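Enquirer: Structure supplied as my_file-v7.txt; contents: compact mmCIF, C-alpha atoms.
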# COMPACT_ATOMS: atom_id res chain seq x y z
CA MET A 1 -225.72 186.93 -27.19
CA ALA A 2 -228.83 188.82 -28.25
CA ALA A 3 -231.64 186.87 -29.89
CA GLN A 4 -231.46 186.94 -33.67
CA THR A 5 -234.30 188.36 -35.72
CA VAL A 6 -235.60 186.63 -38.83
CA LEU A 7 -237.93 188.33 -41.31
CA ILE A 8 -239.99 186.03 -43.54
CA VAL A 9 -241.35 187.80 -46.61
CA TYR A 10 -244.15 185.46 -47.65
CA ALA A 11 -246.18 185.42 -50.86
CA HIS A 12 -248.95 182.87 -51.21
CA GLN A 13 -252.70 183.43 -51.38
CA SER A 14 -253.74 180.32 -49.42
CA ALA A 15 -253.21 179.37 -45.79
CA GLY A 16 -253.80 175.77 -46.91
CA SER A 17 -250.88 175.77 -49.34
CA PHE A 18 -247.59 173.90 -49.10
CA ASN A 19 -245.86 177.30 -49.06
CA ALA A 20 -247.88 178.19 -45.96
CA ALA A 21 -246.79 174.93 -44.32
CA VAL A 22 -243.15 175.70 -45.14
CA LYS A 23 -243.51 179.23 -43.71
CA ASP A 24 -245.23 177.95 -40.56
CA ALA A 25 -242.52 175.31 -40.06
CA ALA A 26 -239.85 178.03 -40.26
CA VAL A 27 -241.69 180.28 -37.79
CA ASP A 28 -242.07 177.40 -35.32
CA ALA A 29 -238.51 176.07 -35.62
CA LEU A 30 -236.88 179.51 -35.41
CA LYS A 31 -238.97 180.59 -32.42
CA LYS A 32 -237.95 177.39 -30.64
CA GLN A 33 -234.33 178.45 -31.18
CA GLY A 34 -235.08 181.74 -29.43
CA CYS A 35 -235.27 183.88 -32.56
CA ASN A 36 -237.59 186.83 -32.96
CA VAL A 37 -239.60 186.02 -36.08
CA LEU A 38 -241.35 188.69 -38.14
CA VAL A 39 -243.64 187.76 -41.05
CA SER A 40 -244.72 190.01 -43.90
CA ASP A 41 -247.67 188.13 -45.39
CA LEU A 42 -247.90 190.13 -48.60
CA TYR A 43 -251.29 188.93 -49.87
CA GLU A 44 -252.85 189.22 -46.41
CA MET A 45 -251.44 192.76 -46.19
CA LYS A 46 -252.71 193.53 -49.71
CA PHE A 47 -249.22 194.87 -50.28
CA LYS A 48 -249.06 197.35 -53.15
CA ALA A 49 -246.81 195.98 -55.89
CA THR A 50 -246.48 199.04 -58.13
CA ALA A 51 -243.75 201.66 -57.69
CA THR A 52 -245.57 204.98 -58.14
CA GLU A 53 -245.76 208.58 -56.91
CA GLU A 54 -248.21 207.36 -54.27
CA ASP A 55 -245.19 205.98 -52.40
CA ILE A 56 -244.27 209.55 -51.48
CA THR A 57 -246.20 211.94 -49.27
CA GLY A 58 -246.04 215.58 -50.27
CA ALA A 59 -244.79 217.08 -53.50
CA VAL A 60 -242.32 215.32 -55.78
CA LYS A 61 -239.20 217.12 -56.89
CA ASN A 62 -239.74 216.72 -60.64
CA PRO A 63 -243.40 216.11 -61.55
CA GLU A 64 -242.64 216.52 -65.28
CA HIS A 65 -240.32 213.53 -65.25
CA PHE A 66 -240.92 211.36 -62.21
CA CYS A 67 -237.78 209.31 -61.44
CA TYR A 68 -238.75 206.72 -58.84
CA GLY A 69 -235.25 206.01 -57.49
CA ASN A 70 -234.24 209.62 -56.96
CA GLU A 71 -237.63 210.73 -55.66
CA THR A 72 -237.95 207.90 -53.13
CA MET A 73 -234.38 208.42 -51.93
CA LEU A 74 -235.21 212.06 -51.23
CA ALA A 75 -238.49 211.06 -49.55
CA TRP A 76 -236.63 208.49 -47.42
CA GLN A 77 -234.10 211.13 -46.35
CA GLU A 78 -236.92 213.54 -45.46
CA GLY A 79 -239.21 210.97 -43.81
CA ARG A 80 -241.88 211.21 -46.51
CA LEU A 81 -242.17 207.60 -47.69
CA ALA A 82 -245.51 205.78 -47.61
CA SER A 83 -246.26 204.10 -44.28
CA ASP A 84 -246.23 200.54 -45.70
CA ILE A 85 -242.66 201.03 -46.97
CA VAL A 86 -241.58 202.56 -43.64
CA ASP A 87 -243.04 199.55 -41.79
CA GLU A 88 -241.02 197.14 -43.95
CA HIS A 89 -237.88 199.24 -43.51
CA LYS A 90 -238.24 198.86 -39.74
CA LYS A 91 -238.52 195.07 -40.05
CA LEU A 92 -235.57 194.91 -42.45
CA LYS A 93 -233.40 197.01 -40.14
CA GLU A 94 -234.10 194.59 -37.28
CA ALA A 95 -233.55 191.44 -39.32
CA ASP A 96 -230.36 189.40 -39.18
CA LEU A 97 -231.78 187.01 -41.78
CA VAL A 98 -234.47 187.50 -44.43
CA ILE A 99 -236.23 184.46 -45.91
CA PHE A 100 -238.26 184.98 -49.08
CA GLN A 101 -240.95 182.26 -49.19
CA PHE A 102 -242.89 181.90 -52.45
CA PRO A 103 -244.05 179.71 -55.32
CA MET A 104 -241.89 180.29 -58.40
CA TYR A 105 -243.83 182.24 -61.05
CA TRP A 106 -242.40 182.39 -64.56
CA PHE A 107 -238.88 181.50 -63.35
CA SER A 108 -239.02 184.35 -60.83
CA VAL A 109 -240.90 185.67 -57.79
CA PRO A 110 -244.63 186.53 -57.83
CA ALA A 111 -245.43 190.13 -58.80
CA ILE A 112 -246.39 191.07 -55.24
CA MET A 113 -242.95 189.97 -53.99
CA LYS A 114 -241.17 191.73 -56.84
CA GLY A 115 -243.16 194.81 -55.80
CA TRP A 116 -241.83 194.41 -52.26
CA MET A 117 -238.28 194.36 -53.65
CA ASP A 118 -238.93 197.33 -55.95
CA ARG A 119 -240.51 199.48 -53.24
CA VAL A 120 -238.79 198.41 -50.00
CA LEU A 121 -235.21 198.19 -51.27
CA THR A 122 -235.15 201.95 -51.61
CA LEU A 123 -232.19 203.81 -53.11
CA GLY A 124 -230.21 205.21 -50.19
CA PHE A 125 -231.77 202.84 -47.64
CA ALA A 126 -230.82 199.53 -49.29
CA TYR A 127 -228.08 200.49 -51.75
CA THR A 128 -226.17 203.32 -53.37
CA LEU A 129 -223.76 203.29 -56.30
CA GLU A 130 -220.92 203.38 -53.76
CA LYS A 131 -222.42 200.81 -51.40
CA ARG A 132 -223.35 197.66 -53.30
CA TYR A 133 -222.29 194.04 -53.70
CA SER A 134 -219.51 193.12 -51.21
CA GLU A 135 -219.51 196.71 -49.90
CA GLY A 136 -223.30 196.80 -49.68
CA ILE A 137 -225.42 198.31 -46.95
CA PHE A 138 -226.76 194.92 -45.78
CA ARG A 139 -223.42 193.11 -45.71
CA ASP A 140 -223.95 192.15 -42.05
CA LYS A 141 -227.29 190.50 -42.86
CA LYS A 142 -228.14 187.20 -44.52
CA ALA A 143 -230.90 186.46 -47.01
CA MET A 144 -232.19 183.41 -48.87
CA LEU A 145 -234.86 182.18 -51.23
CA SER A 146 -237.18 179.35 -50.21
CA PHE A 147 -239.61 178.35 -52.92
CA THR A 148 -241.69 175.71 -54.63
CA THR A 149 -241.53 174.84 -58.32
CA GLY A 150 -244.17 173.52 -60.68
CA SER A 151 -241.57 171.51 -62.61
CA HIS A 152 -239.56 168.49 -61.52
CA GLU A 153 -235.88 168.86 -60.62
CA THR A 154 -234.77 167.05 -63.79
CA MET A 155 -236.46 169.76 -65.89
CA PHE A 156 -234.31 172.44 -64.23
CA SER A 157 -231.00 170.67 -64.91
CA SER A 158 -228.35 171.70 -67.44
CA ASN A 159 -229.83 169.09 -69.79
CA GLY A 160 -233.45 169.74 -68.83
CA ILE A 161 -236.08 171.57 -70.85
CA ASN A 162 -236.20 174.54 -68.42
CA GLY A 163 -232.43 174.94 -68.31
CA ASP A 164 -230.04 175.12 -65.37
CA MET A 165 -231.65 176.36 -62.14
CA ASN A 166 -228.34 178.04 -61.26
CA VAL A 167 -228.87 180.36 -64.23
CA THR A 168 -232.50 180.99 -63.27
CA LEU A 169 -231.45 182.02 -59.75
CA TRP A 170 -228.72 184.45 -60.81
CA PRO A 171 -230.86 187.59 -61.45
CA ILE A 172 -232.48 187.49 -58.00
CA GLN A 173 -229.63 186.12 -55.89
CA ASN A 174 -226.96 188.28 -57.50
CA GLY A 175 -228.97 191.17 -58.96
CA VAL A 176 -231.12 191.84 -55.89
CA LEU A 177 -229.78 190.15 -52.76
CA ASN A 178 -226.02 190.26 -53.36
CA TYR A 179 -226.39 193.71 -54.95
CA CYS A 180 -227.73 195.04 -51.64
CA GLY A 181 -224.84 193.39 -49.83
CA PHE A 182 -226.71 190.47 -48.26
CA GLN A 183 -224.74 187.32 -47.56
CA VAL A 184 -226.83 184.94 -49.68
CA LEU A 185 -227.51 181.50 -48.24
CA ALA A 186 -228.11 178.55 -50.54
CA PRO A 187 -231.74 178.40 -51.65
CA GLN A 188 -234.24 175.93 -50.24
CA ILE A 189 -236.00 174.45 -53.27
CA PHE A 190 -239.09 172.28 -52.96
CA TRP A 191 -239.32 170.54 -56.32
CA ALA A 192 -242.85 170.08 -57.71
CA PRO A 193 -244.66 169.39 -54.42
CA THR A 194 -248.06 169.26 -56.14
CA HIS A 195 -246.89 166.08 -57.92
CA LEU A 196 -245.93 164.35 -54.67
CA SER A 197 -247.84 162.27 -52.15
CA SER A 198 -248.69 163.83 -48.80
CA GLU A 199 -246.06 161.56 -47.21
CA ALA A 200 -243.40 162.84 -49.61
CA ARG A 201 -244.39 166.44 -48.90
CA GLU A 202 -244.11 165.70 -45.19
CA GLY A 203 -240.60 164.43 -45.89
CA LEU A 204 -239.73 167.73 -47.58
CA LEU A 205 -240.94 169.63 -44.52
CA GLU A 206 -238.86 167.43 -42.23
CA GLY A 207 -235.79 168.15 -44.36
CA TRP A 208 -236.49 171.89 -44.09
CA CYS A 209 -236.91 171.66 -40.32
CA ALA A 210 -233.58 169.84 -40.08
CA ARG A 211 -231.85 172.56 -42.09
CA LEU A 212 -233.44 175.30 -39.96
CA GLN A 213 -231.57 173.98 -36.91
CA GLY A 214 -228.27 175.26 -38.28
CA LEU A 215 -229.48 177.82 -40.80
CA LEU A 216 -228.22 180.93 -38.99
CA ASN A 217 -224.68 179.52 -38.91
CA GLU A 218 -224.50 178.44 -42.56
CA ALA A 219 -221.77 179.77 -44.82
CA PRO A 220 -223.11 181.89 -47.70
CA LEU A 221 -222.73 181.39 -51.43
CA THR A 222 -219.61 182.90 -52.99
CA PHE A 223 -219.75 186.09 -55.05
CA PRO A 224 -216.74 188.07 -56.29
CA PRO A 225 -215.77 191.12 -54.22
CA VAL A 226 -216.06 194.60 -55.70
CA ASP A 227 -212.31 195.21 -55.52
CA ILE A 228 -211.49 192.71 -58.28
CA PHE A 229 -213.26 194.96 -60.79
CA ASP A 230 -211.64 198.07 -62.27
CA GLU A 231 -213.88 201.13 -62.00
CA GLU A 232 -211.67 203.04 -64.44
CA GLU A 233 -212.31 200.36 -67.07
CA GLY A 234 -216.08 200.24 -66.72
CA PHE A 235 -216.03 197.79 -63.80
CA GLN A 236 -214.36 195.03 -65.83
CA LEU A 237 -212.47 192.24 -64.09
CA LYS A 238 -208.89 193.39 -63.47
CA PRO A 239 -206.33 191.85 -65.87
CA GLU A 240 -204.46 190.11 -63.04
CA VAL A 241 -207.70 188.41 -61.94
CA ARG A 242 -208.37 187.21 -65.48
CA GLU A 243 -204.80 185.94 -65.72
CA LYS A 244 -205.11 184.11 -62.41
CA HIS A 245 -208.18 182.26 -63.67
CA ALA A 246 -206.90 181.71 -67.23
CA GLU A 247 -206.05 178.06 -66.57
CA SER A 248 -209.20 177.33 -64.58
CA HIS A 249 -211.63 174.94 -66.25
CA PHE A 250 -214.67 176.83 -64.94
CA GLY A 251 -215.72 180.46 -64.86
CA LEU A 252 -215.87 182.43 -61.61
CA THR A 253 -219.67 182.37 -61.24
CA VAL A 254 -222.79 181.82 -63.33
CA GLY A 255 -222.65 185.46 -64.42
CA HIS A 256 -218.87 185.94 -64.53
CA HIS A 257 -218.31 182.81 -66.59
CA LEU A 258 -215.29 184.15 -68.55
CA GLU A 259 -216.66 182.26 -71.57
CA LYS A 260 -215.88 178.98 -69.78
CA PRO A 261 -218.19 176.22 -68.49
CA LEU A 262 -220.34 177.40 -65.59
CA PRO A 263 -219.08 176.35 -62.15
CA PRO A 264 -221.44 173.54 -61.05
CA HIS A 265 -224.02 174.36 -58.34
CA ASN A 266 -222.68 177.91 -58.11
CA GLN A 267 -226.04 179.38 -57.07
CA MET A 268 -227.30 176.35 -55.16
CA LYS A 269 -224.50 175.21 -52.84
CA ALA A 270 -222.07 177.11 -50.64
CA GLY A 271 -218.34 176.51 -50.93
CA VAL A 272 -218.25 175.54 -54.61
Transcribe the structure of this file into structure tokens.
Expert:
Amino acid sequence: MAAQTVLIVYAHQSAGSFNAAVKDAAVDALKKQGCNVLVSDLYEMKFKATATEEDITGAVKNPEHFCYGNETMLAWQEGRLASDIVDEHKKLKEADLVIFQFPMYWFSVPAIMKGWMDRVLTLGFAYTLEKRYSEGIFRDKKAMLSFTTGSHETMFSSNGINGDMNVTLWPIQNGVLNYCGFQVLAPQIFWAPTHLSSEAREGLLEGWCARLQGLLNEAPLTFPPVDIFDEEEGFQLKPEVREKHAESHFGLTVGHHLEKPLPPHNQMKAGV
């Protein structure tokens, strides 16, 4: 069996950070398993976060009304994308698994990582209207979020001041990763490491290293397949699917909640 390739998209400014230690632990553990490990260190690369005309070499099709998605799809088809995007495309094509490593900013990813998603997940290359979700272009690849929080775990509970972390994760895990077809592995969350002792942080790293041993064989989170939605009815759940779940206590997912209680741990644990 060919060696698997893992791409780590990493966003932290400091090599002395806990995020750096988490990234380094992943690189070391995965290499020991025989994986090829690629790292995109976004701050080190000074990766451009803004989606602009500069991402295209040569003339744009409609300079009066620049439409980033359409213009970059055309540039991708014609080999006219900026070199930094092309470099990331090459890494992404090789990758069997993509790990996004970052500190959570404002309940989301840092701007530089959002810029990577905006620019690298190009229309045509990463998704089309026909190829998305369970029929997505990257359906043979896996992806996951690995991140630190500033708040304690209790604060991100359904009773906590920040609200349910499962809800916080939905826009990125469903709206970016699952949208592009990735099989989404459960996130690795390091709760408030700045509030912990160095021994406790070391314990978190040991837990991560233990998970890394079987990471490539983990089952992904569950998302509904495209074929249970009716395109003719504006991509609504098909009536027979709604009927099937009518007696269920919980909704299907965090997003497809059917006006029922959210299924517990839906964005944080596989098989629930």
Enquirer: Skipping near chain neighbours, those fewer than 3 positions away, what residues fall within 8 Å of region 138-149 of chain A using all atoms listed in the file, listed as a PyMOL selection string?
Expert: chain A and resi 19+95-104+126+134-135+152+173+177+180-193+220
Enquirer: What is the distance, in Å and to one decimal place, between CA of Asn174 (chain A) and CA of Leu215 (chain A)?
Expert: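 Value for the CA of Asn174 (chain A)-CA of Leu215 (chain A) distance: 19.9 Å.
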Enquirer: For a test of reading the model, state the distance in Å between CA of Ile137 (chain A) and CA of Val167 (chain A), rounded to one decimal.
Expert: 25.2 Å
Enquirer: Got a sec: who's within 6 Å of region 68-83 of chain A, counting all atoms listed in the file, leaving out chain neighbours fewer than 2 positions off, as a list of chain:residue names?
Expert: A:Asp55, A:Ile56, A:Thr57, A:Ile85, A:Val86, A:Leu123, A:Gly124
Enquirer: Please, could you write that set of residues out with C-alpha atoms as a PDB file, in the frame of the given file?
Expert:
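Below is the file result_18.pdb, written as the result:
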ATOM      1  CA  ASP A  55    -245.190 205.980 -52.400  1.00  0.00           C
ATOM      2  CA  ILE A  56    -244.270 209.550 -51.480  1.00  0.00           C
ATOM      3  CA  THR A  57    -246.200 211.940 -49.270  1.00  0.00           C
ATOM      4  CA  ILE A  85    -242.660 201.030 -46.970  1.00  0.00           C
ATOM      5  CA  VAL A  86    -241.580 202.560 -43.640  1.00  0.00           C
ATOM      6  CA  LEU A 123    -232.190 203.810 -53.110  1.00  0.00           C
ATOM      7  CA  GLY A 124    -230.210 205.210 -50.190  1.00  0.00           C
TER       8      GLY A 124
END
Enquirer: Using 4 Å of padding on each side, determine the axis-aligned box around all atoms of region 157-167 of chain A present in the file and give its centre and edge lengths in Å to one decimal, as JSON.
Expert:
{"center_x": -232.3, "center_y": 174.7, "center_z": -66.1, "size_x": 15.9, "size_y": 19.3, "size_z": 17.6}
Enquirer: Find the distance between CA of Glu233 (chain A) and CA of His256 (chain A) and write it in Å to one decimal.
Expert: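 Rounded to one decimal, the two atoms are 16.0 Å apart.
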Enquirer: Counting only C-alpha atoms, figure out which residue out of A:Val109, A:Pro63, A:Tyr10, A:Val27 gets nearest to Gln213 (chain A).
Expert: A:Val27
Enquirer: Write out as a PDB file with C-alpha atoms, in the coordinates of the input which residues come within 12 Å of Met117 (chain A) when counting all atoms listed in the file, dropping same-chain ones fewer than 5 positions away.
Expert:
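selection_13.pdb, freshly written:
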ATOM      1  CA  VAL A   9    -241.350 187.800 -46.610  1.00  0.00           C
ATOM      2  CA  LEU A  42    -247.900 190.130 -48.600  1.00  0.00           C
ATOM      3  CA  PHE A  47    -249.220 194.870 -50.280  1.00  0.00           C
ATOM      4  CA  LYS A  48    -249.060 197.350 -53.150  1.00  0.00           C
ATOM      5  CA  ALA A  49    -246.810 195.980 -55.890  1.00  0.00           C
ATOM      6  CA  THR A  50    -246.480 199.040 -58.130  1.00  0.00           C
ATOM      7  CA  ALA A  51    -243.750 201.660 -57.690  1.00  0.00           C
ATOM      8  CA  ILE A  85    -242.660 201.030 -46.970  1.00  0.00           C
ATOM      9  CA  GLU A  88    -241.020 197.140 -43.950  1.00  0.00           C
ATOM     10  CA  HIS A  89    -237.880 199.240 -43.510  1.00  0.00           C
ATOM     11  CA  LEU A  92    -235.570 194.910 -42.450  1.00  0.00           C
ATOM     12  CA  PHE A 100    -238.260 184.980 -49.080  1.00  0.00           C
ATOM     13  CA  VAL A 109    -240.900 185.670 -57.790  1.00  0.00           C
ATOM     14  CA  PRO A 110    -244.630 186.530 -57.830  1.00  0.00           C
ATOM     15  CA  ALA A 111    -245.430 190.130 -58.800  1.00  0.00           C
ATOM     16  CA  ILE A 112    -246.390 191.070 -55.240  1.00  0.00           C
ATOM     17  CA  THR A 122    -235.150 201.950 -51.610  1.00  0.00           C
ATOM     18  CA  LEU A 123    -232.190 203.810 -53.110  1.00  0.00           C
ATOM     19  CA  ALA A 126    -230.820 199.530 -49.290  1.00  0.00           C
ATOM     20  CA  ILE A 172    -232.480 187.490 -58.000  1.00  0.00           C
ATOM     21  CA  GLY A 175    -228.970 191.170 -58.960  1.00  0.00           C
ATOM     22  CA  VAL A 176    -231.120 191.840 -55.890  1.00  0.00           C
ATOM     23  CA  LEU A 177    -229.780 190.150 -52.760  1.00  0.00           C
ATOM     24  CA  TYR A 179    -226.390 193.710 -54.950  1.00  0.00           C
ATOM     25  CA  CYS A 180    -227.730 195.040 -51.640  1.00  0.00           C
TER      26      CYS A 180
END
Enquirer: Please complete region 83-94 of chain A so it has all heavy atoms, and hand it over as a short mmCIF file (atom, residue, chain, number, x, y, z; two decimals), keeping the file's coordinate frame.
Expert:
data_model
loop_
_atom_site.label_atom_id
_atom_site.label_comp_id
_atom_site.auth_asym_id
_atom_site.auth_seq_id
_atom_site.Cartn_x
_atom_site.Cartn_y
_atom_site.Cartn_z
N SER A 83 -246.36 204.81 -45.56
CA SER A 83 -246.26 204.10 -44.28
C SER A 83 -245.97 202.61 -44.45
O SER A 83 -245.27 202.01 -43.62
CB SER A 83 -247.53 204.29 -43.46
OG SER A 83 -248.65 203.77 -44.16
N ASP A 84 -246.49 201.98 -45.53
CA ASP A 84 -246.23 200.54 -45.70
C ASP A 84 -244.75 200.28 -45.99
O ASP A 84 -244.20 199.26 -45.55
CB ASP A 84 -247.15 199.92 -46.76
CG ASP A 84 -246.97 200.50 -48.15
OD1 ASP A 84 -246.43 201.62 -48.28
OD2 ASP A 84 -247.38 199.83 -49.12
N ILE A 85 -244.10 201.18 -46.71
CA ILE A 85 -242.66 201.03 -46.97
C ILE A 85 -241.88 201.25 -45.68
O ILE A 85 -240.96 200.48 -45.35
CB ILE A 85 -242.19 202.03 -48.06
CG1 ILE A 85 -242.89 201.73 -49.39
CG2 ILE A 85 -240.68 201.97 -48.21
CD1 ILE A 85 -242.57 202.72 -50.49
N VAL A 86 -242.25 202.27 -44.92
CA VAL A 86 -241.58 202.56 -43.64
C VAL A 86 -241.68 201.36 -42.69
O VAL A 86 -240.70 200.99 -42.03
CB VAL A 86 -242.18 203.83 -42.99
CG1 VAL A 86 -241.61 204.04 -41.58
CG2 VAL A 86 -241.91 205.05 -43.85
N ASP A 87 -242.86 200.73 -42.65
CA ASP A 87 -243.04 199.55 -41.79
C ASP A 87 -242.08 198.43 -42.18
O ASP A 87 -241.50 197.76 -41.31
CB ASP A 87 -244.48 199.03 -41.89
CG ASP A 87 -245.48 199.96 -41.22
OD1 ASP A 87 -245.05 200.84 -40.44
OD2 ASP A 87 -246.69 199.82 -41.48
N GLU A 88 -241.93 198.20 -43.48
CA GLU A 88 -241.02 197.14 -43.95
C GLU A 88 -239.57 197.51 -43.71
O GLU A 88 -238.74 196.65 -43.40
CB GLU A 88 -241.27 196.84 -45.43
CG GLU A 88 -242.66 196.29 -45.74
CD GLU A 88 -243.02 195.07 -44.92
OE1 GLU A 88 -242.34 194.03 -45.04
OE2 GLU A 88 -243.99 195.16 -44.12
N HIS A 89 -239.24 198.79 -43.83
CA HIS A 89 -237.88 199.24 -43.51
C HIS A 89 -237.53 198.91 -42.06
O HIS A 89 -236.41 198.47 -41.76
CB HIS A 89 -237.76 200.76 -43.73
CG HIS A 89 -237.55 201.15 -45.15
ND1 HIS A 89 -237.29 202.45 -45.53
CD2 HIS A 89 -237.56 200.43 -46.31
CE1 HIS A 89 -237.16 202.50 -46.85
NE2 HIS A 89 -237.32 201.29 -47.34
N LYS A 90 -238.48 199.15 -41.16
CA LYS A 90 -238.24 198.86 -39.74
C LYS A 90 -237.94 197.38 -39.53
O LYS A 90 -237.02 197.01 -38.80
CB LYS A 90 -239.46 199.26 -38.90
CG LYS A 90 -239.62 200.77 -38.74
CD LYS A 90 -240.91 201.09 -37.99
CE LYS A 90 -241.15 202.60 -37.94
NZ LYS A 90 -242.53 202.93 -37.49
N LYS A 91 -238.73 196.52 -40.17
CA LYS A 91 -238.52 195.07 -40.05
C LYS A 91 -237.15 194.68 -40.62
O LYS A 91 -236.41 193.88 -40.04
CB LYS A 91 -239.61 194.30 -40.79
CG LYS A 91 -241.01 194.46 -40.23
CD LYS A 91 -242.00 193.75 -41.14
CE LYS A 91 -243.42 194.17 -40.87
NZ LYS A 91 -244.36 193.60 -41.85
N LEU A 92 -236.82 195.25 -41.77
CA LEU A 92 -235.57 194.91 -42.45
C LEU A 92 -234.36 195.37 -41.63
O LEU A 92 -233.34 194.67 -41.56
CB LEU A 92 -235.57 195.57 -43.83
CG LEU A 92 -234.66 195.03 -44.92
CD1 LEU A 92 -234.62 193.52 -44.96
CD2 LEU A 92 -235.08 195.60 -46.27
N LYS A 93 -234.49 196.52 -40.99
CA LYS A 93 -233.40 197.01 -40.14
C LYS A 93 -233.14 196.06 -38.97
O LYS A 93 -232.00 195.83 -38.59
CB LYS A 93 -233.74 198.40 -39.60
CG LYS A 93 -233.27 199.54 -40.49
CD LYS A 93 -233.21 200.83 -39.68
CE LYS A 93 -234.18 201.81 -40.25
NZ LYS A 93 -234.17 203.13 -39.61
N GLU A 94 -234.22 195.51 -38.42
CA GLU A 94 -234.10 194.59 -37.28
C GLU A 94 -233.55 193.23 -37.67
O GLU A 94 -232.92 192.55 -36.87
CB GLU A 94 -235.47 194.38 -36.63
CG GLU A 94 -236.00 195.54 -35.84
CD GLU A 94 -237.36 195.21 -35.21
OE1 GLU A 94 -237.52 194.06 -34.73
OE2 GLU A 94 -238.24 196.09 -35.21
#
